[in-house]
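Structure file input_15.txt; described as compact mmCIF, C-alpha atoms.
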# COMPACT_ATOMS: atom_id res chain seq x y z
CA MET A 14 0.00 0.00 0.00
CA ASN A 15 1.51 3.33 -1.07
CA LEU A 16 1.44 6.62 0.83
CA ALA A 17 -1.65 7.95 -0.99
CA ASP A 18 -3.61 4.81 -0.15
CA GLU A 19 -2.48 5.00 3.48
CA ILE A 20 -3.69 8.61 3.71
CA LYS A 21 -7.05 7.73 2.11
CA LYS A 22 -7.52 4.83 4.50
CA SER A 23 -6.57 6.94 7.50
CA PHE A 24 -8.97 9.70 6.42
CA LYS A 25 -11.89 7.33 5.88
CA GLN A 26 -11.37 5.33 9.06
CA GLY A 27 -10.12 8.16 11.26
CA SER A 28 -12.05 10.30 13.71
CA VAL A 29 -13.52 13.73 12.97
CA LEU A 30 -10.41 15.20 14.59
CA THR A 31 -8.17 13.28 12.19
CA ARG A 32 -10.21 14.47 9.22
CA LEU A 33 -10.14 18.11 10.34
CA ILE A 34 -6.36 17.94 10.63
CA TYR A 35 -6.05 16.32 7.19
CA ILE A 36 -8.28 18.96 5.59
CA ASN A 37 -6.23 21.79 7.09
CA LEU A 38 -2.98 20.20 5.94
CA GLY A 39 -4.39 19.39 2.51
CA VAL A 40 -5.59 22.95 1.91
CA PHE A 41 -2.22 24.31 3.07
CA LEU A 42 -0.27 22.10 0.65
CA PHE A 43 -2.69 22.82 -2.20
CA VAL A 44 -2.39 26.58 -1.72
CA ARG A 45 1.40 26.52 -1.50
CA ILE A 46 1.75 24.34 -4.62
CA ILE A 47 -0.59 26.60 -6.62
CA GLN A 48 1.36 29.61 -5.35
CA LEU A 49 4.57 28.03 -6.66
CA PHE A 50 3.13 27.74 -10.18
CA PHE A 51 1.95 31.34 -10.07
CA PHE A 52 5.42 32.43 -8.94
CA LEU A 53 7.21 30.49 -11.68
CA GLY A 54 4.84 31.91 -14.24
CA GLY A 55 5.51 35.46 -13.08
CA ASN A 56 1.86 36.05 -12.15
CA ASP A 57 0.20 37.48 -9.06
CA PHE A 58 -1.17 34.93 -6.61
CA LEU A 59 -4.92 35.58 -6.23
CA LEU A 60 -6.16 32.33 -4.71
CA LEU A 61 -5.94 33.64 -1.14
CA ASP A 62 -8.30 36.47 -2.06
CA TRP A 63 -10.90 33.90 -3.10
CA LEU A 64 -10.59 31.68 -0.04
CA ALA A 65 -9.87 34.11 2.82
CA LEU A 66 -12.71 35.94 4.57
CA PRO A 67 -12.91 39.64 3.57
CA ASP A 68 -13.85 42.30 6.12
CA SER A 69 -16.58 43.70 3.86
CA PRO A 70 -20.07 42.14 4.14
CA ALA A 71 -20.69 43.06 0.50
CA GLU A 72 -17.60 41.12 -0.59
CA THR A 73 -18.61 38.21 1.64
CA ILE A 74 -22.04 38.07 -0.01
CA ARG A 75 -20.29 37.78 -3.37
CA ARG A 76 -18.02 35.06 -1.96
CA PRO A 77 -20.12 33.34 0.74
CA TRP A 78 -17.96 30.21 0.75
CA THR A 79 -15.20 32.22 2.44
CA LEU A 80 -17.10 31.99 5.73
CA ILE A 81 -16.14 28.29 5.71
CA THR A 82 -12.95 28.14 3.65
CA TYR A 83 -11.15 30.75 5.75
CA MET A 84 -11.12 28.47 8.83
CA PHE A 85 -9.18 25.80 6.90
CA LEU A 86 -6.84 28.22 5.13
CA HIS A 87 -3.21 28.82 6.15
CA TYR A 88 -0.29 30.26 4.26
CA ASP A 89 2.62 30.47 6.72
CA PHE A 90 4.15 27.26 8.06
CA LEU A 91 4.26 28.39 11.71
CA HIS A 92 0.64 29.49 11.49
CA ILE A 93 -0.62 26.06 10.50
CA LEU A 94 1.85 24.29 12.82
CA PHE A 95 0.57 25.96 15.99
CA ASN A 96 -3.06 25.66 14.92
CA ILE A 97 -2.71 21.94 14.15
CA ILE A 98 -0.98 21.31 17.48
CA GLY A 99 -3.72 23.19 19.33
CA LEU A 100 -6.46 21.43 17.39
CA TYR A 101 -4.96 18.05 18.20
CA TRP A 102 -4.44 18.73 21.93
CA PHE A 103 -7.74 20.38 22.68
CA GLY A 104 -9.65 18.18 20.25
CA LYS A 105 -8.40 15.06 22.06
CA LEU A 106 -9.48 16.52 25.40
CA PHE A 107 -12.92 17.30 23.98
CA LEU A 108 -13.36 13.80 22.51
CA ASP A 109 -12.54 12.29 25.90
CA ARG A 110 -15.92 13.57 27.08
CA PHE A 111 -18.08 14.19 24.01
CA GLU A 112 -19.04 12.68 20.67
CA GLN A 113 -17.30 13.39 17.39
CA ASP A 114 -20.32 15.14 15.88
CA LYS A 115 -20.18 17.73 18.66
CA LEU A 116 -16.51 18.42 17.89
CA LEU A 117 -17.29 18.95 14.21
CA GLY A 118 -20.21 21.27 14.97
CA LEU A 119 -18.20 23.24 17.52
CA TYR A 120 -15.31 23.68 15.10
CA ILE A 121 -17.54 25.01 12.31
CA LEU A 122 -19.72 27.24 14.50
CA GLY A 123 -16.76 28.53 16.50
CA GLY A 124 -15.07 29.49 13.25
CA LEU A 125 -18.24 31.19 12.00
CA ALA A 126 -18.57 33.14 15.25
CA GLY A 127 -14.98 34.33 14.92
CA GLY A 128 -15.55 35.41 11.32
CA VAL A 129 -18.74 37.32 12.16
CA LEU A 130 -17.13 39.19 15.06
CA TYR A 131 -14.17 40.05 12.83
CA MET A 132 -16.45 41.60 10.19
CA LEU A 133 -18.46 43.50 12.80
CA ALA A 134 -15.31 44.96 14.33
CA TYR A 135 -13.83 46.02 10.99
CA ASN A 136 -17.06 47.72 9.96
CA PHE A 137 -18.13 49.43 13.19
CA LEU A 138 -14.99 50.22 15.22
CA PRO A 139 -13.26 53.54 14.39
CA ALA A 140 -9.81 51.97 14.60
CA PHE A 141 -10.52 50.00 11.41
CA THR A 142 -12.23 52.69 9.36
CA ASP A 143 -9.49 52.90 6.72
CA VAL A 144 -8.18 49.33 7.13
CA ASN A 145 -8.83 46.44 4.76
CA GLY A 146 -8.24 42.91 5.91
CA LEU A 147 -8.45 39.24 5.00
CA LEU A 148 -8.99 36.61 7.67
CA MET A 149 -7.59 33.08 7.48
CA GLY A 150 -6.73 30.28 9.86
CA ALA A 151 -8.32 27.77 12.24
CA SER A 152 -7.49 29.74 15.40
CA ALA A 153 -11.05 30.88 16.20
CA ALA A 154 -12.35 27.30 15.87
CA VAL A 155 -9.49 25.91 17.97
CA ILE A 156 -10.04 28.42 20.78
CA ALA A 157 -13.76 27.64 20.72
CA ILE A 158 -12.89 23.99 21.44
CA LEU A 159 -10.44 24.97 24.19
CA VAL A 160 -12.89 27.28 25.97
CA ALA A 161 -15.73 24.76 25.69
CA ILE A 162 -13.80 21.94 27.35
CA ALA A 163 -12.36 24.37 29.91
CA VAL A 164 -15.89 25.42 30.89
CA TYR A 165 -16.88 21.77 31.21
CA GLU A 166 -13.80 20.69 33.17
CA PRO A 167 -12.13 23.87 34.49
CA ASN A 168 -9.94 22.06 37.01
CA ARG A 169 -8.71 19.32 34.70
CA GLU A 170 -4.93 19.46 34.50
CA ILE A 171 -2.77 19.17 31.41
CA HIS A 172 1.01 18.98 31.38
CA LEU A 173 2.90 21.64 29.45
CA ALA A 174 6.59 21.46 28.57
CA PHE A 175 8.83 23.53 30.89
CA ILE A 176 5.79 24.49 33.00
CA GLY A 177 4.24 21.31 34.35
CA ALA A 178 0.65 20.68 35.35
CA VAL A 179 -1.74 23.54 34.54
CA LYS A 180 -5.51 23.63 34.96
CA LEU A 181 -7.53 24.04 31.78
CA LYS A 182 -9.27 27.17 33.03
CA TYR A 183 -5.92 28.97 33.26
CA VAL A 184 -4.88 27.85 29.79
CA ALA A 185 -8.15 29.17 28.35
CA ARG A 186 -7.85 32.46 30.24
CA PHE A 187 -4.30 32.92 28.98
CA TYR A 188 -5.36 32.44 25.35
CA VAL A 189 -8.27 34.88 25.74
CA LEU A 190 -6.13 37.50 27.50
CA PHE A 191 -3.36 37.10 24.92
CA SER A 192 -5.92 37.65 22.15
CA VAL A 193 -7.27 40.81 23.81
CA ILE A 194 -3.77 42.25 24.10
CA GLY A 195 -2.99 41.20 20.54
CA ILE A 196 -5.77 43.33 19.02
CA SER A 197 -3.48 46.36 19.04
CA THR A 198 -0.62 44.47 17.33
CA SER A 199 0.01 43.47 13.73
CA ASN A 200 -2.84 40.91 13.65
CA PRO A 201 -5.94 42.66 15.02
CA GLY A 202 -8.40 40.78 12.83
CA GLY A 203 -7.11 37.37 13.85
CA ASN A 204 -7.20 38.21 17.55
CA ILE A 205 -10.73 39.59 17.30
CA ALA A 206 -11.76 36.34 15.60
CA HIS A 207 -10.19 34.43 18.52
CA LEU A 208 -12.49 36.26 20.91
CA GLY A 209 -15.51 35.40 18.76
CA GLY A 210 -14.55 31.72 18.87
CA ALA A 211 -13.95 31.90 22.63
CA MET A 212 -17.36 33.49 23.28
CA PHE A 213 -19.10 30.83 21.24
CA GLY A 214 -17.17 28.04 22.99
CA TRP A 215 -18.37 29.37 26.34
CA LEU A 216 -21.98 29.75 25.13
CA TYR A 217 -21.98 26.32 23.51
CA MET A 218 -20.97 24.53 26.71
CA VAL A 219 -23.36 26.54 28.88
CA GLN A 220 -26.23 25.54 26.59
CA LEU A 221 -25.03 21.93 26.32
CA ARG A 222 -25.15 21.62 30.10
CA LYS A 223 -28.80 22.64 29.88
CA GLY A 224 -29.43 19.85 27.39
CA LYS A 225 -29.36 22.01 24.23
CA ASP A 226 -26.82 21.07 21.56
CA MET A 227 -26.32 24.19 19.42
CA SER A 228 -24.31 22.20 16.88
CA SER A 229 -26.97 19.61 16.04
CA GLY A 230 -28.42 21.59 13.13
CA ILE A 231 -25.14 22.20 11.34
CA VAL A 232 -24.06 18.59 11.91
CA LYS A 233 -27.28 17.26 10.34
CA PHE A 234 -26.75 19.56 7.36
CA ILE A 235 -23.14 18.39 6.90
CA ASN A 236 -24.17 14.73 7.18
CA LYS A 237 -26.90 15.20 4.56
CA LEU A 238 -24.46 17.00 2.29
CA ALA A 239 -21.89 14.21 2.71
CA ALA A 240 -24.54 11.56 2.03
CA PHE A 241 -25.59 13.36 -1.15
CA PHE A 242 -22.07 13.19 -2.60
CA LYS A 243 -21.31 9.70 -1.29
CA PRO A 244 -21.53 6.95 -3.93
CA ARG A 245 -24.55 4.75 -3.42
CA GLN A 246 -23.86 1.19 -2.38
CA LYS A 247 -25.88 -1.83 -3.36
CA ILE A 248 -28.22 -2.95 -0.63
CA ARG A 249 -27.68 -6.44 0.69
CA VAL A 250 -30.48 -8.07 2.64
CA THR A 251 -29.36 -10.39 5.41
CA HIS A 252 -31.53 -12.32 7.82
CA LYS A 253 -30.36 -12.70 11.37
CA GLN A 254 -30.66 -16.30 12.47
CA PRO A 255 -32.38 -16.80 15.84
CA PRO A 256 -30.72 -19.02 18.46
CA ARG A 257 -31.25 -22.65 17.60
CA ASP A 258 -31.76 -23.95 21.17
CA ASP A 259 -32.28 -22.80 24.77
CA TYR A 260 -28.56 -22.80 25.52
CA GLN A 261 -27.75 -20.41 22.67
CA TYR A 262 -30.76 -18.25 23.53
CA ASN A 263 -29.71 -17.86 27.18
CA LYS A 264 -26.10 -17.26 26.21
CA GLN A 265 -27.07 -14.47 23.82
CA LYS A 266 -29.45 -12.97 26.39
CA ASN A 267 -26.71 -12.92 29.05
CA GLU A 268 -24.23 -11.30 26.66
CA ASN A 269 -26.76 -8.58 25.81
CA GLN A 270 -27.45 -7.95 29.50
CA GLU A 271 -23.72 -7.68 30.26
CA GLU A 272 -23.37 -5.06 27.54
CA ILE A 273 -26.34 -3.10 28.96
CA ASN A 274 -24.79 -3.24 32.45
CA LYS A 275 -21.48 -1.87 31.14
CA ILE A 276 -23.31 1.02 29.46
CA LEU A 277 -25.22 1.81 32.65
CA ASP A 278 -21.97 1.76 34.66
CA LYS A 279 -20.43 4.16 32.16
CA ILE A 280 -23.38 6.54 32.54
CA ALA A 281 -23.02 6.43 36.33
CA LYS A 282 -19.32 7.27 36.14
CA SER A 283 -19.10 9.75 33.24
CA GLY A 284 -22.65 10.75 32.33
CA TYR A 285 -24.86 10.08 29.32
CA ASP A 286 -22.81 12.34 26.99
CA SER A 287 -19.81 10.02 27.39
CA LEU A 288 -21.61 7.23 25.49
CA SER A 289 -20.71 6.48 21.92
CA LYS A 290 -23.34 6.60 19.19
CA ARG A 291 -23.51 2.78 19.12
CA GLU A 292 -23.97 2.59 22.90
CA LYS A 293 -26.82 5.11 22.77
CA GLU A 294 -28.52 3.08 20.03
CA ILE A 295 -28.22 -0.11 22.12
CA LEU A 296 -29.72 1.66 25.12
CA PHE A 297 -32.52 3.13 23.01
CA ASN A 298 -33.40 -0.22 21.44
CA GLN A 299 -33.39 -1.88 24.86
CA GLY A 300 -35.84 0.75 26.11
CA LYS A 301 -38.30 -0.11 23.34
CA LYS A 302 -38.48 -3.78 24.34

Please express what this file holds, its structure, as structure tokens.
Amino acid sequence: MNLADEIKKSFKQGSVLTRLIYINLGVFLFVRIIQLFFFLGGNDFLLLDWLALPDSPAETIRRPWTLITYMFLHYDFLHILFNIIGLYWFGKLFLDRFEQDKLLGLYILGGLAGGVLYMLAYNFLPAFTDVNGLLMGASAAVIAILVAIAVYEPNREIHLAFIGAVKLKYVARFYVLFSVIGISTSNPGGNIAHLGGAMFGWLYMVQLRKGKDMSSGIVKFINKLAAFFKPRQKIRVTHKQPPRDDYQYNKQKNENQEEINKILDKIAKSGYDSLSKREKEILFNQGKK
């Protein structure tokens, strides 16, 4: 199996976090390769203008896809490096407690919140009256994930190189404070977007604790879109054979009960949200019997 096949297999079988990382890396490589051809041809590189989020609402209406493409777009190596590291760390922490669909929804909506706040600031704050900007990068989405898991588990400790154990709430506060200070530096738009992502991450977790998943709508839309473009597979009808005698019947019944007991123990220890999609389906089907 060659490298391309390995990547395809990893993308298909990997988690949402793996796929988000692959998409960011893939867009980065694509943009840099296209830029190389433009450079060798002696032409101006215009692709960034078509993928980055402009500060003008009128321009955004003409290029609405930039609200999504900007949060996967990087041009500088260090920019994508730090964002990928942050996405991996905080994404893993989030997936320890929540389902993959929630991570996907939080990433997209956190990025959208960052983009909207960026446009509002550039159009209504006097400091940006004569400033034109383009926004790119996954930072707003990454900070949304960090703040969300920090709100859920503020006292959970992570180990940082040269520092040691640090509680999540302090890591999140540092990123937010650093973004506030950074507004007056060379990257005001990016830091404003960080704050938009942070605010949404906080709001998302507050609502999730109340039983409302703000990401469910966007996740359903993405799943329907993915299903529309997915090649249709031939349907195979299989018939499940019932147990042939009392011994097999009792054995299967005991195995099913053991699985239900494990799921109930998991709920008691970590809560209902810690269950996987398959475990929730098993519990739901058991409740209908």

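Residue nearest Gly214 of chain A, chosen from A:Phe175, A:Tyr131, A:Phe107, A:Phe234 and counting all atoms listed in the file: A:Phe107.
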
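Using only C-alpha atoms, the nearest neighbour of Lys233 of chain A within the list A:Asn168, A:Gly118, A:Phe137, A:Arg110 is A:Gly118.
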
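Restricting the calculation to all atoms listed in the file, the smallest distance between Val164 of chain A and any of A:Tyr217, A:Phe187, A:Phe85, A:Tyr101 is found for A:Tyr217.
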
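The closest residue to Ile46 of chain A, picked from A:Leu60, A:Leu216, A:Ile74, A:Leu133 and counting only C-alpha atoms, is A:Leu60.
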
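Minimum atom-to-atom distance to Ala157 of chain A, evaluated using only C-alpha atoms, belongs to A:Ala211 out of A:Ala211, A:Asn269, A:Ile98, A:Leu181.
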
Quick one: everything within 9 Å of segment 16-30 of chain A, counting only C-alpha atoms, minus sequence neighbours fewer than 5 positions away in the same chain. Send it as a PDB file with C-alpha atoms, in the frame of the given file.
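Contents of part_12.pdb, freshly written:
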ATOM      1  CA  TYR A  35      -6.050  16.320   7.190  1.00  0.00           C
ATOM      2  CA  LEU A 100      -6.460  21.430  17.390  1.00  0.00           C
ATOM      3  CA  TYR A 101      -4.960  18.050  18.200  1.00  0.00           C
ATOM      4  CA  GLY A 104      -9.650  18.180  20.250  1.00  0.00           C
ATOM      5  CA  LYS A 105      -8.400  15.060  22.060  1.00  0.00           C
ATOM      6  CA  LEU A 108     -13.360  13.800  22.510  1.00  0.00           C
ATOM      7  CA  GLN A 113     -17.300  13.390  17.390  1.00  0.00           C
ATOM      8  CA  ASP A 114     -20.320  15.140  15.880  1.00  0.00           C
ATOM      9  CA  LEU A 116     -16.510  18.420  17.890  1.00  0.00           C
ATOM     10  CA  LEU A 117     -17.290  18.950  14.210  1.00  0.00           C
TER      11      LEU A 117
END

### Task
Give me the residues within 9 Å of segment 196-208 of chain A as an MDAnalysis selection string, counting all atoms listed in the file and dropping any in the same chain fewer than 2 places off.
chainID A and resid 68 124 126:132 134:135 146:150 152:157 188:189 191:194 210:213

Could you please give me, as a PDB file with C-alpha atoms, keeping the file's coordinate frame, the residues of protein, DNA or RNA lying at most 8 Å from (-2.6, 17.8, 25.9) in the coordinate frame of the file, considering all atoms listed in the file?
ATOM      1  CA  TRP A 102      -4.440  18.730  21.930  1.00  0.00           C
ATOM      2  CA  PHE A 103      -7.740  20.380  22.680  1.00  0.00           C
ATOM      3  CA  LYS A 105      -8.400  15.060  22.060  1.00  0.00           C
ATOM      4  CA  LEU A 106      -9.480  16.520  25.400  1.00  0.00           C
ATOM      5  CA  ILE A 171      -2.770  19.170  31.410  1.00  0.00           C
ATOM      6  CA  HIS A 172       1.010  18.980  31.380  1.00  0.00           C
ATOM      7  CA  LEU A 173       2.900  21.640  29.450  1.00  0.00           C
TER       8      LEU A 173
END

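Counting from atom CA of Leu86 of chain A, the distance to atom CA of Ala65 of chain A is 7.0 Å.
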
Work out where the centre of an axis-aligned box around every listed atom of segment 46-50 of chain A lies and how long its edges are once 5 Å is added on each side; give both in Å to one decimal as lines of an AutoDock Vina configuration file.
center_x = 2.0
center_y = 27.0
center_z = -7.4
size_x = 15.2
size_y = 15.3
size_z = 15.6

### Sel. within 9 Å of pt (-5.7, 28.4, 0.0), counting all atoms listed in the file, output as a PyMOL selection string
chain A and resi 40-45+47-48+60-65+82-83+85-88

### Query
Do you know which residues are at most 8 Å from Phe111 of chain A counting all atoms listed in the file, after dropping those on the same chain fewer than 6 positions away, and could you put them as a list in words?
Asp286, Ser287 and Leu288 of chain A

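Closest approach to Gly39 of chain A from the set A:Ile93, A:Leu59, A:Ala178, A:Ile295 is made by A:Ile93, with distances taken over only C-alpha atoms.
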
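Relative to atom CA of Leu125 of chain A, atom CA of Lys293 of chain A is found at 29.5 Å.
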
### Task
Could you please determine the separation between atom CA of Lys282 of chain A and atom CA of Lys223 of chain A in Å, to one decimal place?
19.1 Å

How would segment 76-105 of chain A look with N, CA and C atoms restored, written as a PDB file, in the frame of the given file?
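Writing the result to result.pdb gives the following:
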ATOM      1  N   ARG A  76     -18.824  36.270  -2.152  1.00  0.00           N
ATOM      2  CA  ARG A  76     -18.020  35.060  -1.960  1.00  0.00           C
ATOM      3  C   ARG A  76     -18.411  34.392  -0.639  1.00  0.00           C
ATOM      4  N   PRO A  77     -19.634  33.873  -0.547  1.00  0.00           N
ATOM      5  CA  PRO A  77     -20.120  33.340   0.740  1.00  0.00           C
ATOM      6  C   PRO A  77     -19.354  32.134   1.239  1.00  0.00           C
ATOM      7  N   TRP A  78     -18.713  31.401   0.334  1.00  0.00           N
ATOM      8  CA  TRP A  78     -17.960  30.210   0.750  1.00  0.00           C
ATOM      9  C   TRP A  78     -16.784  30.558   1.653  1.00  0.00           C
ATOM     10  N   THR A  79     -16.347  31.831   1.628  1.00  0.00           N
ATOM     11  CA  THR A  79     -15.200  32.220   2.440  1.00  0.00           C
ATOM     12  C   THR A  79     -15.480  32.128   3.934  1.00  0.00           C
ATOM     13  N   LEU A  80     -16.752  32.162   4.319  1.00  0.00           N
ATOM     14  CA  LEU A  80     -17.100  31.990   5.730  1.00  0.00           C
ATOM     15  C   LEU A  80     -16.669  30.613   6.242  1.00  0.00           C
ATOM     16  N   ILE A  81     -16.578  29.638   5.342  1.00  0.00           N
ATOM     17  CA  ILE A  81     -16.140  28.290   5.710  1.00  0.00           C
ATOM     18  C   ILE A  81     -14.681  28.070   5.340  1.00  0.00           C
ATOM     19  N   THR A  82     -14.308  28.460   4.115  1.00  0.00           N
ATOM     20  CA  THR A  82     -12.950  28.140   3.650  1.00  0.00           C
ATOM     21  C   THR A  82     -11.868  28.843   4.472  1.00  0.00           C
ATOM     22  N   TYR A  83     -12.181  30.005   5.022  1.00  0.00           N
ATOM     23  CA  TYR A  83     -11.150  30.750   5.750  1.00  0.00           C
ATOM     24  C   TYR A  83     -10.631  29.967   6.951  1.00  0.00           C
ATOM     25  N   MET A  84     -11.516  29.170   7.600  1.00  0.00           N
ATOM     26  CA  MET A  84     -11.120  28.470   8.830  1.00  0.00           C
ATOM     27  C   MET A  84     -10.303  27.209   8.548  1.00  0.00           C
ATOM     28  N   PHE A  85     -10.069  26.901   7.278  1.00  0.00           N
ATOM     29  CA  PHE A  85      -9.180  25.800   6.900  1.00  0.00           C
ATOM     30  C   PHE A  85      -7.957  26.313   6.128  1.00  0.00           C
ATOM     31  N   LEU A  86      -7.848  27.613   6.011  1.00  0.00           N
ATOM     32  CA  LEU A  86      -6.840  28.220   5.130  1.00  0.00           C
ATOM     33  C   LEU A  86      -5.657  28.762   5.930  1.00  0.00           C
ATOM     34  N   HIS A  87      -4.451  28.318   5.564  1.00  0.00           N
ATOM     35  CA  HIS A  87      -3.210  28.820   6.150  1.00  0.00           C
ATOM     36  C   HIS A  87      -2.198  29.036   5.033  1.00  0.00           C
ATOM     37  N   TYR A  88      -1.326  30.001   5.265  1.00  0.00           N
ATOM     38  CA  TYR A  88      -0.290  30.260   4.260  1.00  0.00           C
ATOM     39  C   TYR A  88       1.111  30.118   4.845  1.00  0.00           C
ATOM     40  N   ASP A  89       1.309  30.572   6.073  1.00  0.00           N
ATOM     41  CA  ASP A  89       2.620  30.470   6.720  1.00  0.00           C
ATOM     42  C   ASP A  89       2.732  29.142   7.471  1.00  0.00           C
ATOM     43  N   PHE A  90       3.926  28.566   7.445  1.00  0.00           N
ATOM     44  CA  PHE A  90       4.150  27.260   8.060  1.00  0.00           C
ATOM     45  C   PHE A  90       3.910  27.300   9.569  1.00  0.00           C
ATOM     46  N   LEU A  91       4.435  28.313  10.262  1.00  0.00           N
ATOM     47  CA  LEU A  91       4.260  28.390  11.710  1.00  0.00           C
ATOM     48  C   LEU A  91       2.797  28.574  12.082  1.00  0.00           C
ATOM     49  N   HIS A  92       2.066  29.282  11.232  1.00  0.00           N
ATOM     50  CA  HIS A  92       0.640  29.490  11.490  1.00  0.00           C
ATOM     51  C   HIS A  92      -0.104  28.166  11.528  1.00  0.00           C
ATOM     52  N   ILE A  93       0.090  27.340  10.519  1.00  0.00           N
ATOM     53  CA  ILE A  93      -0.620  26.060  10.500  1.00  0.00           C
ATOM     54  C   ILE A  93      -0.048  25.104  11.548  1.00  0.00           C
ATOM     55  N   LEU A  94       1.240  25.180  11.831  1.00  0.00           N
ATOM     56  CA  LEU A  94       1.850  24.290  12.820  1.00  0.00           C
ATOM     57  C   LEU A  94       1.208  24.470  14.191  1.00  0.00           C
ATOM     58  N   PHE A  95       1.129  25.710  14.660  1.00  0.00           N
ATOM     59  CA  PHE A  95       0.570  25.960  15.990  1.00  0.00           C
ATOM     60  C   PHE A  95      -0.933  25.664  16.029  1.00  0.00           C
ATOM     61  N   ASN A  96      -1.626  25.953  14.937  1.00  0.00           N
ATOM     62  CA  ASN A  96      -3.060  25.660  14.920  1.00  0.00           C
ATOM     63  C   ASN A  96      -3.331  24.162  14.914  1.00  0.00           C
ATOM     64  N   ILE A  97      -2.527  23.397  14.188  1.00  0.00           N
ATOM     65  CA  ILE A  97      -2.710  21.940  14.150  1.00  0.00           C
ATOM     66  C   ILE A  97      -2.381  21.331  15.507  1.00  0.00           C
ATOM     67  N   ILE A  98      -1.333  21.819  16.151  1.00  0.00           N
ATOM     68  CA  ILE A  98      -0.980  21.310  17.480  1.00  0.00           C
ATOM     69  C   ILE A  98      -2.111  21.602  18.473  1.00  0.00           C
ATOM     70  N   GLY A  99      -2.625  22.836  18.442  1.00  0.00           N
ATOM     71  CA  GLY A  99      -3.720  23.190  19.330  1.00  0.00           C
ATOM     72  C   GLY A  99      -4.977  22.391  19.045  1.00  0.00           C
ATOM     73  N   LEU A 100      -5.282  22.206  17.774  1.00  0.00           N
ATOM     74  CA  LEU A 100      -6.460  21.430  17.390  1.00  0.00           C
ATOM     75  C   LEU A 100      -6.341  19.993  17.883  1.00  0.00           C
ATOM     76  N   TYR A 101      -5.157  19.422  17.753  1.00  0.00           N
ATOM     77  CA  TYR A 101      -4.960  18.050  18.200  1.00  0.00           C
ATOM     78  C   TYR A 101      -5.086  17.926  19.715  1.00  0.00           C
ATOM     79  N   TRP A 102      -4.402  18.785  20.461  1.00  0.00           N
ATOM     80  CA  TRP A 102      -4.440  18.730  21.930  1.00  0.00           C
ATOM     81  C   TRP A 102      -5.848  18.918  22.473  1.00  0.00           C
ATOM     82  N   PHE A 103      -6.440  20.041  22.108  1.00  0.00           N
ATOM     83  CA  PHE A 103      -7.740  20.380  22.680  1.00  0.00           C
ATOM     84  C   PHE A 103      -8.850  19.510  22.094  1.00  0.00           C
ATOM     85  N   GLY A 104      -8.679  19.086  20.837  1.00  0.00           N
ATOM     86  CA  GLY A 104      -9.650  18.180  20.250  1.00  0.00           C
ATOM     87  C   GLY A 104      -9.671  16.830  20.957  1.00  0.00           C
ATOM     88  N   LYS A 105      -8.484  16.323  21.331  1.00  0.00           N
ATOM     89  CA  LYS A 105      -8.400  15.060  22.060  1.00  0.00           C
ATOM     90  C   LYS A 105      -9.071  15.178  23.425  1.00  0.00           C
TER      91      LYS A 105
END
